[in-house]
file input.txt (compact mmCIF, C-alpha atoms)
# COMPACT_ATOMS: atom_id res chain seq x y z
CA MET A 1 -6.19 3.98 21.43
CA ASN A 2 -8.25 0.96 22.42
CA LYS A 3 -8.24 -1.15 25.56
CA CYS A 4 -8.07 -4.28 23.39
CA PHE A 5 -4.81 -3.18 21.84
CA LYS A 6 -1.78 -5.32 22.69
CA VAL A 7 1.89 -4.36 22.74
CA LEU A 8 2.51 -5.86 19.30
CA ASP A 9 -0.46 -3.90 17.90
CA TYR A 10 1.45 -0.69 18.56
CA TYR A 11 4.48 -2.14 16.82
CA THR A 12 2.43 -3.11 13.76
CA CYS A 13 1.26 0.52 13.61
CA LEU A 14 4.83 1.81 13.93
CA GLY A 15 5.93 -0.79 11.42
CA TYR A 16 3.57 0.65 8.84
CA ILE A 17 4.90 4.14 9.48
CA ALA A 18 8.48 2.92 8.95
CA LEU A 19 7.42 0.98 5.84
CA ALA A 20 5.65 4.03 4.44
CA SER A 21 8.78 6.15 4.85
CA SER A 22 10.74 3.68 2.71
CA ASN A 23 8.00 3.47 0.08
CA MET A 24 7.60 7.25 -0.16
CA VAL A 25 11.24 8.27 -0.41
CA ILE A 26 11.34 7.52 -4.15
CA PRO A 27 8.14 9.33 -5.26
CA ILE A 28 8.90 12.35 -3.07
CA CYS A 29 12.48 12.58 -4.30
CA LEU A 30 11.71 11.48 -7.88
CA PRO A 31 11.94 14.92 -9.56
CA ASP A 32 15.29 15.54 -7.84
CA ILE A 33 16.54 12.04 -8.65
CA SER A 34 15.53 12.57 -12.29
CA LYS A 35 17.54 15.80 -12.45
CA THR A 36 20.62 14.21 -10.86
CA LEU A 37 20.58 10.93 -12.79
CA SER A 38 18.79 12.21 -15.95
CA THR A 39 15.92 9.71 -15.85
CA SER A 40 12.57 9.85 -17.69
CA LEU A 41 9.04 9.36 -16.30
CA THR A 42 9.12 5.78 -17.58
CA GLU A 43 12.40 5.05 -15.76
CA GLY A 44 10.99 6.65 -12.62
CA GLY A 45 7.92 4.41 -12.73
CA GLY A 46 10.11 1.47 -13.71
CA SER A 47 12.11 1.78 -10.49
CA GLU A 48 8.91 1.16 -8.53
CA ALA A 49 8.02 -1.80 -10.77
CA VAL A 50 11.44 -3.40 -10.17
CA LYS A 51 11.08 -2.90 -6.42
CA THR A 52 7.62 -4.45 -6.52
CA LEU A 53 8.76 -7.50 -8.52
CA PHE A 54 11.26 -8.41 -5.83
CA ALA A 55 8.73 -7.63 -3.10
CA ILE A 56 6.18 -10.05 -4.59
CA ILE A 57 8.69 -12.91 -4.71
CA ILE A 58 9.68 -12.32 -1.09
CA ILE A 59 6.04 -11.97 0.03
CA LEU A 60 5.32 -15.48 -1.25
CA LEU A 61 8.49 -16.97 0.25
CA CYS A 62 7.93 -15.31 3.63
CA GLY A 63 4.33 -16.47 3.72
CA ILE A 64 5.35 -20.07 3.13
CA LEU A 65 8.39 -20.09 5.42
CA SER A 66 6.85 -18.09 8.28
CA ASN A 67 4.44 -20.93 9.03
CA ARG A 68 7.46 -23.09 9.79
CA TYR A 69 10.00 -20.63 11.22
CA GLY A 70 7.77 -17.88 12.61
CA LYS A 71 6.95 -14.32 11.54
CA LYS A 72 9.48 -12.52 13.70
CA LEU A 73 12.61 -13.64 11.83
CA PHE A 74 11.38 -12.45 8.45
CA LEU A 75 9.64 -9.30 9.68
CA VAL A 76 12.71 -8.02 11.53
CA SER A 77 15.06 -8.99 8.68
CA GLY A 78 12.84 -7.06 6.28
CA TYR A 79 13.43 -3.77 8.05
CA TYR A 80 17.18 -4.39 8.18
CA LEU A 81 17.21 -4.98 4.40
CA ILE A 82 15.19 -1.80 3.77
CA ALA A 83 17.81 0.08 5.79
CA LEU A 84 20.66 -1.50 3.81
CA GLY A 85 19.02 -0.75 0.45
CA SER A 86 18.28 2.84 1.46
CA LEU A 87 21.88 3.37 2.53
CA LEU A 88 23.17 1.99 -0.77
CA ALA A 89 20.68 4.13 -2.72
CA SER A 90 22.01 7.25 -1.02
CA ASN A 91 25.38 6.55 -2.65
CA SER A 92 24.02 5.77 -6.14
CA SER A 93 25.84 7.57 -8.93
CA ASN A 94 23.75 6.25 -11.84
CA TYR A 95 20.37 4.68 -12.63
CA ILE A 96 21.66 1.08 -12.57
CA SER A 97 23.19 1.37 -9.09
CA LEU A 98 19.96 3.01 -7.89
CA LEU A 99 17.93 0.09 -9.30
CA ILE A 100 20.12 -2.45 -7.50
CA SER A 101 19.64 -0.58 -4.23
CA ILE A 102 15.90 -0.41 -4.82
CA MET A 103 15.84 -4.18 -5.43
CA ILE A 104 17.28 -4.71 -1.94
CA MET A 105 14.68 -2.32 -0.53
CA GLY A 106 12.03 -4.34 -2.39
CA VAL A 107 13.17 -7.57 -0.74
CA GLY A 108 12.90 -5.92 2.68
CA SER A 109 9.55 -4.32 1.90
CA GLY A 110 8.21 -7.68 0.77
CA SER A 111 9.03 -9.23 4.13
CA ALA A 112 7.30 -6.44 6.03
CA ILE A 113 4.24 -6.24 3.78
CA ALA A 114 3.82 -10.02 3.85
CA LEU A 115 3.62 -10.41 7.60
CA ILE A 116 2.18 -7.30 9.26
CA ASN A 117 -1.45 -8.04 8.37
CA PRO A 118 -1.25 -11.79 9.15
CA LEU A 119 0.22 -10.80 12.53
CA VAL A 120 -2.77 -8.51 13.17
CA ILE A 121 -5.14 -11.37 12.25
CA ASP A 122 -3.25 -13.68 14.65
CA LEU A 123 -3.68 -11.11 17.43
CA HIS A 124 -7.39 -10.49 16.71
CA PRO A 125 -8.93 -13.49 14.91
CA ASN A 126 -12.49 -12.58 15.95
CA ASN A 127 -12.43 -8.86 15.13
CA SER A 128 -9.98 -8.49 12.28
CA VAL A 129 -11.99 -5.97 10.22
CA LYS A 130 -11.72 -3.35 12.96
CA PHE A 131 -8.08 -3.89 13.81
CA LEU A 132 -6.94 -4.25 10.20
CA ASN A 133 -8.53 -0.90 9.37
CA ILE A 134 -6.94 0.74 12.42
CA THR A 135 -3.49 -0.76 11.79
CA ASN A 136 -3.59 -0.03 8.06
CA ALA A 137 -4.54 3.57 8.81
CA PHE A 138 -0.96 4.05 10.00
CA TYR A 139 0.42 3.37 6.54
CA PRO A 140 -1.12 6.59 5.12
CA ILE A 141 -0.19 8.32 8.37
CA GLY A 142 3.39 7.27 7.67
CA ILE A 143 3.04 8.55 4.11
CA MET A 144 1.77 11.86 5.44
CA LEU A 145 4.59 12.25 7.98
CA SER A 146 7.20 11.26 5.37
CA ALA A 147 5.80 13.66 2.78
CA ILE A 148 5.86 16.56 5.25
CA LEU A 149 9.38 15.78 6.46
CA PHE A 150 10.95 14.92 3.10
CA GLY A 151 9.18 17.74 1.24
CA GLU A 152 10.34 20.28 3.79
CA LEU A 153 13.91 18.98 3.72
CA LEU A 154 14.00 19.17 -0.09
CA THR A 155 12.61 22.71 0.02
CA LEU A 156 15.38 23.65 2.47
CA GLY A 157 17.96 22.33 0.01
CA ILE A 158 18.75 18.99 1.67
CA SER A 159 19.82 16.47 -0.97
CA TRP A 160 17.76 13.41 -1.86
CA GLN A 161 20.78 11.28 -0.93
CA SER A 162 20.56 12.53 2.65
CA ILE A 163 16.85 11.71 2.77
CA PHE A 164 17.61 8.09 1.82
CA LYS A 165 20.05 8.02 4.75
CA ILE A 166 17.27 9.21 7.07
CA VAL A 167 15.06 6.35 5.86
CA ALA A 168 17.89 3.90 6.54
CA LEU A 169 18.15 5.21 10.11
CA ILE A 170 14.38 5.00 10.70
CA THR A 171 14.01 1.43 9.44
CA PHE A 172 17.17 0.13 11.11
CA THR A 173 16.13 1.60 14.47
CA PHE A 174 12.67 0.09 14.19
CA GLY A 175 14.14 -3.31 13.26
CA ILE A 176 16.24 -3.31 16.43
CA SER A 177 13.30 -2.33 18.65
CA LEU A 178 11.03 -4.97 17.08
CA ASN A 179 13.69 -7.66 17.50
CA ILE A 180 13.51 -7.49 21.29
CA LYS A 181 9.72 -7.98 21.42
CA LYS A 182 8.03 -11.30 22.11
CA PHE A 183 5.86 -12.69 19.28
CA PRO A 184 2.99 -15.19 19.52
CA PRO A 185 4.18 -18.83 19.41
CA ILE A 186 4.37 -20.50 16.02
CA ALA A 187 1.16 -22.44 15.48
CA GLY A 188 1.88 -25.92 14.28
CA HIS A 189 5.34 -25.98 12.62
CA TYR A 190 3.87 -27.28 9.36
CA ARG A 191 4.83 -26.80 5.74
CA ILE A 192 2.60 -25.12 3.22
CA SER A 193 1.98 -27.43 0.29
CA LEU A 194 1.59 -26.35 -3.32
CA SER A 195 -1.76 -28.17 -3.33
CA LEU A 196 -3.03 -25.83 -0.60
CA ILE A 197 -2.07 -22.78 -2.66
CA LYS A 198 -3.61 -24.37 -5.76
CA ASN A 199 -6.85 -25.06 -3.89
CA ILE A 200 -7.03 -21.45 -2.74
CA PHE A 201 -6.64 -20.22 -6.32
CA LEU A 202 -9.42 -22.60 -7.42
CA LEU A 203 -11.91 -20.72 -5.21
CA LYS A 204 -13.78 -18.87 -7.98
CA LYS A 205 -15.32 -16.24 -5.70
CA LEU A 206 -11.86 -15.38 -4.37
CA TRP A 207 -10.91 -13.91 -7.74
CA LEU A 208 -13.48 -11.14 -7.25
CA TYR A 209 -11.63 -10.12 -4.09
CA ILE A 210 -8.31 -10.39 -5.93
CA PHE A 211 -9.47 -8.05 -8.69
CA ILE A 212 -10.77 -5.50 -6.18
CA ILE A 213 -7.62 -5.39 -4.07
CA PHE A 214 -5.50 -5.19 -7.25
CA LEU A 215 -7.51 -2.24 -8.60
CA ALA A 216 -7.59 -0.49 -5.22
CA ALA A 217 -3.81 -0.76 -5.01
CA CYS A 218 -3.49 0.62 -8.55
CA ILE A 219 -5.50 3.68 -7.52
CA GLU A 220 -3.51 4.22 -4.34
CA SER A 221 -0.24 4.03 -6.25
CA VAL A 222 -1.29 6.70 -8.77
CA PHE A 223 -1.77 9.29 -6.05
CA THR A 224 1.05 8.29 -3.71
CA PHE A 225 3.65 7.89 -6.47
CA TRP A 226 2.69 10.57 -9.00
CA SER A 227 0.97 13.37 -7.04
CA ARG A 228 4.16 15.30 -6.39
CA SER A 229 5.25 15.00 -10.03
CA PHE A 230 1.74 16.02 -11.18
CA ILE A 231 1.96 19.20 -9.10
CA ASP A 232 5.50 19.80 -10.36
CA VAL A 233 4.37 19.51 -14.02
CA TYR A 234 1.07 21.39 -13.97
CA TYR A 235 1.37 23.85 -11.09
CA ASP A 236 5.12 24.57 -11.11
CA SER A 237 5.33 24.74 -7.32
CA LEU A 238 7.97 24.21 -4.66
CA PRO A 239 8.71 20.65 -3.43
CA ARG A 240 6.83 21.59 -0.26
CA ILE A 241 3.59 22.06 -2.25
CA GLY A 242 4.03 18.78 -4.09
CA ALA A 243 4.56 17.02 -0.77
CA ILE A 244 1.38 18.63 0.58
CA SER A 245 -0.62 16.85 -2.14
CA ILE A 246 0.58 13.49 -0.78
CA VAL A 247 -0.15 14.64 2.78
CA ILE A 248 -3.72 15.50 1.81
CA PHE A 249 -4.31 12.17 0.08
CA SER A 250 -2.73 10.07 2.83
CA SER A 251 -4.47 11.92 5.66
CA ALA A 252 -7.79 11.25 3.91
CA MET A 253 -6.92 7.54 3.64
CA ALA A 254 -6.00 7.40 7.33
CA LEU A 255 -9.19 9.18 8.33
CA GLY A 256 -11.30 6.91 6.12
CA ARG A 257 -9.83 3.76 7.65
CA LEU A 258 -10.15 4.96 11.23
CA VAL A 259 -13.79 5.96 10.66
CA ALA A 260 -14.55 2.68 8.85
CA ALA A 261 -13.16 0.72 11.82
CA ASN A 262 -16.16 1.90 13.84
CA LEU A 263 -18.69 2.79 11.12
CA TYR A 264 -19.04 -0.78 9.86
CA GLN A 265 -21.03 -1.57 13.03
CA ILE A 266 -23.69 0.92 11.88
CA ILE A 267 -23.51 0.62 8.07
CA SER A 268 -22.75 -2.68 6.37
CA ILE A 269 -19.33 -3.12 4.84
CA ASN A 270 -20.89 -3.75 1.42
CA LYS A 271 -22.72 -0.40 1.50
CA LEU A 272 -19.58 1.41 2.64
CA MET A 273 -17.61 -0.02 -0.28
CA PHE A 274 -20.34 0.82 -2.81
CA ILE A 275 -20.59 4.41 -1.58
CA SER A 276 -16.80 4.73 -1.65
CA ALA A 277 -16.55 3.39 -5.21
CA ILE A 278 -19.24 5.73 -6.58
CA LEU A 279 -17.64 8.72 -4.83
CA GLY A 280 -14.31 7.70 -6.32
CA ILE A 281 -15.67 7.62 -9.86
CA VAL A 282 -17.15 11.11 -9.58
CA VAL A 283 -14.23 12.93 -7.98
CA THR A 284 -11.47 11.32 -10.07
CA LEU A 285 -13.25 12.20 -13.31
CA ILE A 286 -13.03 15.86 -12.35
CA LEU A 287 -9.60 15.88 -10.67
CA PRO A 288 -7.30 15.71 -13.75
CA VAL A 289 -9.03 18.59 -15.58
CA THR A 290 -9.21 21.19 -12.81
CA SER A 291 -6.84 24.12 -13.16
CA ASN A 292 -7.37 25.42 -9.61
CA ILE A 293 -4.93 23.93 -7.11
CA ILE A 294 -7.35 24.40 -4.18
CA ILE A 295 -10.07 22.43 -5.98
CA PHE A 296 -7.41 19.86 -6.92
CA PHE A 297 -6.54 19.42 -3.24
CA ILE A 298 -10.22 19.05 -2.24
CA LEU A 299 -10.77 16.39 -4.90
CA LEU A 300 -7.55 14.68 -3.86
CA PHE A 301 -8.81 14.50 -0.27
CA LEU A 302 -12.11 12.98 -1.42
CA SER A 303 -10.16 10.50 -3.55
CA GLY A 304 -8.25 9.39 -0.45
CA ILE A 305 -11.50 8.92 1.48
CA SER A 306 -13.03 6.91 -1.36
CA ILE A 307 -10.15 4.44 -1.74
CA SER A 308 -9.25 4.11 1.95
CA ILE A 309 -11.27 1.09 3.07
CA PHE A 310 -10.79 -1.37 0.23
CA TRP A 311 -7.39 -2.95 1.02
CA PRO A 312 -7.89 -3.77 4.75
CA THR A 313 -11.60 -4.54 4.36
CA ILE A 314 -11.12 -6.99 1.50
CA LEU A 315 -8.42 -8.79 3.51
CA SER A 316 -10.78 -9.09 6.46
CA ILE A 317 -13.94 -10.26 4.67
CA ALA A 318 -11.94 -12.73 2.58
CA ASN A 319 -10.63 -14.32 5.77
CA ASP A 320 -14.21 -14.56 7.05
CA ASP A 321 -15.62 -15.95 3.80
CA PHE A 322 -13.08 -18.69 3.06
CA ASP A 323 -12.22 -21.64 5.28
CA THR A 324 -8.53 -22.00 4.50
CA ASP A 325 -5.10 -21.04 5.88
CA LYS A 326 -5.46 -17.39 6.94
CA THR A 327 -1.81 -16.46 6.58
CA ILE A 328 -1.46 -17.81 3.05
CA LEU A 329 -4.82 -16.35 1.97
CA THR A 330 -3.82 -12.90 3.26
CA ILE A 331 -0.41 -13.12 1.63
CA LEU A 332 -1.80 -14.18 -1.76
CA LEU A 333 -4.24 -11.26 -1.72
CA THR A 334 -1.41 -8.96 -0.64
CA CYS A 335 0.71 -10.15 -3.58
CA PHE A 336 -1.95 -9.02 -6.04
CA GLY A 337 -2.31 -5.70 -4.22
CA VAL A 338 1.43 -5.10 -4.29
CA THR A 339 1.48 -6.07 -7.97
CA GLY A 340 -1.01 -3.29 -8.67
CA MET A 341 1.11 -0.83 -6.72
CA GLY A 342 4.14 -1.73 -8.79
CA ILE A 343 2.59 -2.00 -12.26
CA PHE A 344 0.49 1.13 -12.25
CA PRO A 345 3.25 3.69 -11.59
CA LEU A 346 5.05 2.22 -14.62
CA ILE A 347 1.90 2.39 -16.78
CA ILE A 348 1.25 6.00 -15.72
CA GLY A 349 4.89 6.88 -16.46
CA LEU A 350 4.72 5.27 -19.91
CA LEU A 351 1.49 7.12 -20.74
CA GLY A 352 2.91 10.33 -19.29
CA ASP A 353 5.87 10.12 -21.69
CA THR A 354 3.68 9.01 -24.61
CA ILE A 355 0.67 11.31 -24.32
CA GLU A 356 0.39 13.41 -21.19
CA LEU A 357 0.54 12.77 -17.44
CA LYS A 358 -2.83 14.46 -16.91
CA LEU A 359 -4.57 12.18 -19.42
CA SER A 360 -3.09 9.06 -17.84
CA PHE A 361 -4.89 9.95 -14.59
CA PHE A 362 -8.21 9.07 -16.26
CA LEU A 363 -7.33 5.42 -15.68
CA VAL A 364 -8.29 6.02 -12.03
CA PRO A 365 -12.08 6.48 -12.51
CA PHE A 366 -12.01 3.48 -14.86
CA CYS A 367 -10.51 1.39 -12.02
CA PHE A 368 -13.21 2.63 -9.64
CA PHE A 369 -15.84 1.65 -12.22
CA LEU A 370 -14.42 -1.88 -12.42
CA ILE A 371 -14.40 -2.13 -8.60
CA THR A 372 -18.11 -1.25 -8.60
CA ILE A 373 -18.83 -4.06 -11.08
CA PHE A 374 -16.93 -6.62 -8.98
CA LEU A 375 -18.72 -5.46 -5.82
CA PHE A 376 -22.06 -6.12 -7.56
CA LYS A 377 -20.85 -9.60 -8.51
CA ILE A 378 -19.83 -10.36 -4.91
CA ARG A 379 -23.19 -9.19 -3.61
CA PHE A 380 -25.03 -11.27 -6.22
CA LYS A 381 -23.06 -14.39 -5.30
CA LYS A 382 -23.78 -13.85 -1.60
CA VAL A 383 -27.52 -13.58 -2.32
CA LEU A 384 -27.38 -16.86 -4.28
CA SER A 385 -25.44 -18.63 -1.54
CA ASN A 386 -27.98 -17.52 1.06
call {"tool": "encode", "arguments": {"input": "input.txt", "output": "structure tokens"}}
result
Amino acid sequence: MNKCFKVLDYYTCLGYIALASSNMVIPICLPDISKTLSTSLTEGGGSEAVKTLFAIIIILLCGILSNRYGKKLFLVSGYYLIALGSLLASNSSNYISLLISIMIMGVGSGSAIALINPLVIDLHPNNSVKFLNITNAFYPIGIMLSAILFGELLTLGISWQSIFKIVALITFTFGISLNIKKFPPIAGHYRISLSLIKNIFLLKKLWLYIFIIFLAACIESVFTFWSRSFIDVYYDSLPRIGAISIVIFSSAMALGRLVAANLYQIISINKLMFISAILGIVVTLILPVTSNIIIFFILLFLSGISISIFWPTILSIANDDFDTDKTILTILLTCFGVTGMGIFPLIIGLLGDTIELKLSFFLVPFCFFLITIFLFKIRFKKVLSN
């Protein structure tokens, strides 16, 4: 892939694929879970919110403790917990038992999400924007592979319970393989103080980055969590077709991140983000109202391209712009991103039950519009500081 790639870089890429499989099993199987357990759209979105709540708590704890005990312990343990939660979910007989299983998955996901990007920054402190975009491209690749596999299995009549077992096997196997790898030495063995975290939050300009990564995560979650259900409601297609919608979106995100990893050397990151935000506004205004599934897929692809660069790029430029602890800064930004990914599926589910799922999708162009405003504010502040 690149001569500068190290052994652990390949494992961070594989780690994102394994993480994606665990995050996609619920949205892909959601219509089938709803039929089995008789859940509503709100309860479906609520399951993701519960998972996210536990993930956020663990992200913060892992970020603080990893500076003292190292990233390996918590990263490996995270994949074991995802496997355990997935296995328990496969045996759920009601909504409550499913929620408990998803909580355990959330704890494991939090550990993995917290530490993959800081590990990439540790490996490439002088070129993080490139390697973060490359590594993060494997998350949508994992979504794509999971959507194809899980959608096909559901179409063939394989139960959603069996698919959760497959996720358990994938994450457990990866946890074992990661456990035998050598990690960089722990730098410093120091404790993170509350005053350090407080000082980071007092950086006024940082909040612009926080808002952008939160909104970008909200947008991603709409398409990754609700695309299959959207197809199921408005196009009445097989599970395979619903899964294809997620494949299209995730492949566009992967392509966008891989291209951005090299394109930023030709076009400035600021311009790339502005172009992406404007494209996002246009295509997501049209997407909910189209009645042609081919046009829907084209717009979905363009939506994936438009949102692709924000998460990894914001993490990278924030680390360049602020002179503070890189691990904690990355983890705090990640917490707000994960919060968006957990809250928005619930909001879309609530609106879907209250008004209509199609109408709730108009929140997406509004989020892109807000991102554009915050990008203007960042650019204005940079001009003033120069």
call {"tool": "closest_atom_pairs", "arguments": {"input": "input.txt", "of": "range 279-381 of chain A", "to": "range 56-71 of chain A", "cutoff": "9 Å", "atoms": "all atoms listed in the file", "output": "tab-separated table"}}
result
residue	atom	partner	partner_atom	distance
A:Thr327	CA	A:Gly63	CA	6.8
A:Ile328	CA	A:Gly63	CA	6.0
A:Thr330	CA	A:Gly63	CA	8.9
A:Ile331	CA	A:Gly63	CA	6.2
A:Leu332	CA	A:Leu60	CA	7.3
A:Thr334	CA	A:Ile59	CA	8.1
A:Cys335	CA	A:Ile56	CA	5.6
A:Phe336	CA	A:Ile56	CA	8.3
A:Val338	CA	A:Ile56	CA	6.9
A:Thr339	CA	A:Ile56	CA	7.0
call {"tool": "residues_around", "arguments": {"input": "input.txt", "residues": "range 156-163 of chain A", "least_positions_apart": "4", "cutoff": "12 Å", "atoms": "all atoms listed in the file", "output": "ChimeraX atom specification"}}
result
/A:21-22,24-37,86-93,98,146-147,149-152,167-170,238-240
call {"tool": "residues_around", "arguments": {"input": "input.txt", "residues": "Asn117 in chain A", "least_positions_apart": "2", "cutoff": "10 Å", "atoms": "only C-alpha atoms", "output": "MDAnalysis selection string"}}
result
chainID A and resid 12 112:115 119:123 128 131:132 135:136 312 315:316 327 330:331 334
call {"tool": "write_last_selection", "arguments": {"input": "input.txt", "atoms": "C-alpha atoms", "output": "compact mmCIF listing (two decimals), in the coordinates of the input"}}
result
# COMPACT_ATOMS: atom_id res chain seq x y z
CA THR A 12 2.43 -3.11 13.76
CA ALA A 112 7.30 -6.44 6.03
CA ILE A 113 4.24 -6.24 3.78
CA ALA A 114 3.82 -10.02 3.85
CA LEU A 115 3.62 -10.41 7.60
CA LEU A 119 0.22 -10.80 12.53
CA VAL A 120 -2.77 -8.51 13.17
CA ILE A 121 -5.14 -11.37 12.25
CA ASP A 122 -3.25 -13.68 14.65
CA LEU A 123 -3.68 -11.11 17.43
CA SER A 128 -9.98 -8.49 12.28
CA PHE A 131 -8.08 -3.89 13.81
CA LEU A 132 -6.94 -4.25 10.20
CA THR A 135 -3.49 -0.76 11.79
CA ASN A 136 -3.59 -0.03 8.06
CA PRO A 312 -7.89 -3.77 4.75
CA LEU A 315 -8.42 -8.79 3.51
CA SER A 316 -10.78 -9.09 6.46
CA THR A 327 -1.81 -16.46 6.58
CA THR A 330 -3.82 -12.90 3.26
CA ILE A 331 -0.41 -13.12 1.63
CA THR A 334 -1.41 -8.96 -0.64
call {"tool": "atom_distance", "arguments": {"input": "input.txt", "atom1": "CA of Lys204 in chain A", "atom2": "CA of Ile343 in chain A"}}
result
23.9 Å
call {"tool": "closest_residue", "arguments": {"input": "input.txt", "among": "A:Cys218, A:Gly15, A:Ile116, A:Asp323", "to": "Ile347 in chain A", "atoms": "only C-alpha atoms"}}
result
A:Cys218
call {"tool": "closest_residue", "arguments": {"input": "input.txt", "among": "A:Phe230, A:Leu84, A:Ser251, A:Ile355", "to": "Ser291 in chain A", "atoms": "only C-alpha atoms"}}
result
A:Phe230
call {"tool": "atom_distance", "arguments": {"input": "input.txt", "atom1": "CA of Phe249 in chain A", "atom2": "CA of Val50 in chain A"}}
result
24.4 Å
call {"tool": "axis_aligned_box", "arguments": {"input": "input.txt", "around": "range 297-303 of chain A", "padding_each_side": "5 Å", "output": "AutoDock Vina command-line options"}}
result
--center_x -9.3 --center_y 15.0 --center_z -2.6 --size_x 15.6 --size_y 18.9 --size_z 14.6
call {"tool": "residues_around", "arguments": {"input": "input.txt", "residues": "Ile348 in chain A", "least_positions_apart": "5", "cutoff": "10 Å", "atoms": "only C-alpha atoms", "output": "ChimeraX atom specification"}}
result
/A:41-42,45,221-222,225-226,343,353-354,356-363
call {"tool": "write_last_selection", "arguments": {"input": "input.txt", "atoms": "C-alpha atoms", "output": "compact mmCIF listing (two decimals), in the frame of the given file"}}
result
# COMPACT_ATOMS: atom_id res chain seq x y z
CA LEU A 41 9.04 9.36 -16.30
CA THR A 42 9.12 5.78 -17.58
CA GLY A 45 7.92 4.41 -12.73
CA SER A 221 -0.24 4.03 -6.25
CA VAL A 222 -1.29 6.70 -8.77
CA PHE A 225 3.65 7.89 -6.47
CA TRP A 226 2.69 10.57 -9.00
CA ILE A 343 2.59 -2.00 -12.26
CA ASP A 353 5.87 10.12 -21.69
CA THR A 354 3.68 9.01 -24.61
CA GLU A 356 0.39 13.41 -21.19
CA LEU A 357 0.54 12.77 -17.44
CA LYS A 358 -2.83 14.46 -16.91
CA LEU A 359 -4.57 12.18 -19.42
CA SER A 360 -3.09 9.06 -17.84
CA PHE A 361 -4.89 9.95 -14.59
CA PHE A 362 -8.21 9.07 -16.26
CA LEU A 363 -7.33 5.42 -15.68
call {"tool": "closest_residue", "arguments": {"input": "input.txt", "among": "A:Ile307, A:Ile314, A:Ala254, A:Ile143", "to": "Leu19 in chain A", "atoms": "all atoms listed in the file"}}
result
A:Ile143
call {"tool": "residues_around", "arguments": {"input": "input.txt", "residues": "Gly175 in chain A", "least_positions_apart": "6", "cutoff": "12 Å", "atoms": "only C-alpha atoms", "output": "PyMOL selection string"}}
result
chain A and resi 11-12+14-15+18-19+72-84+108+112+168-169+181
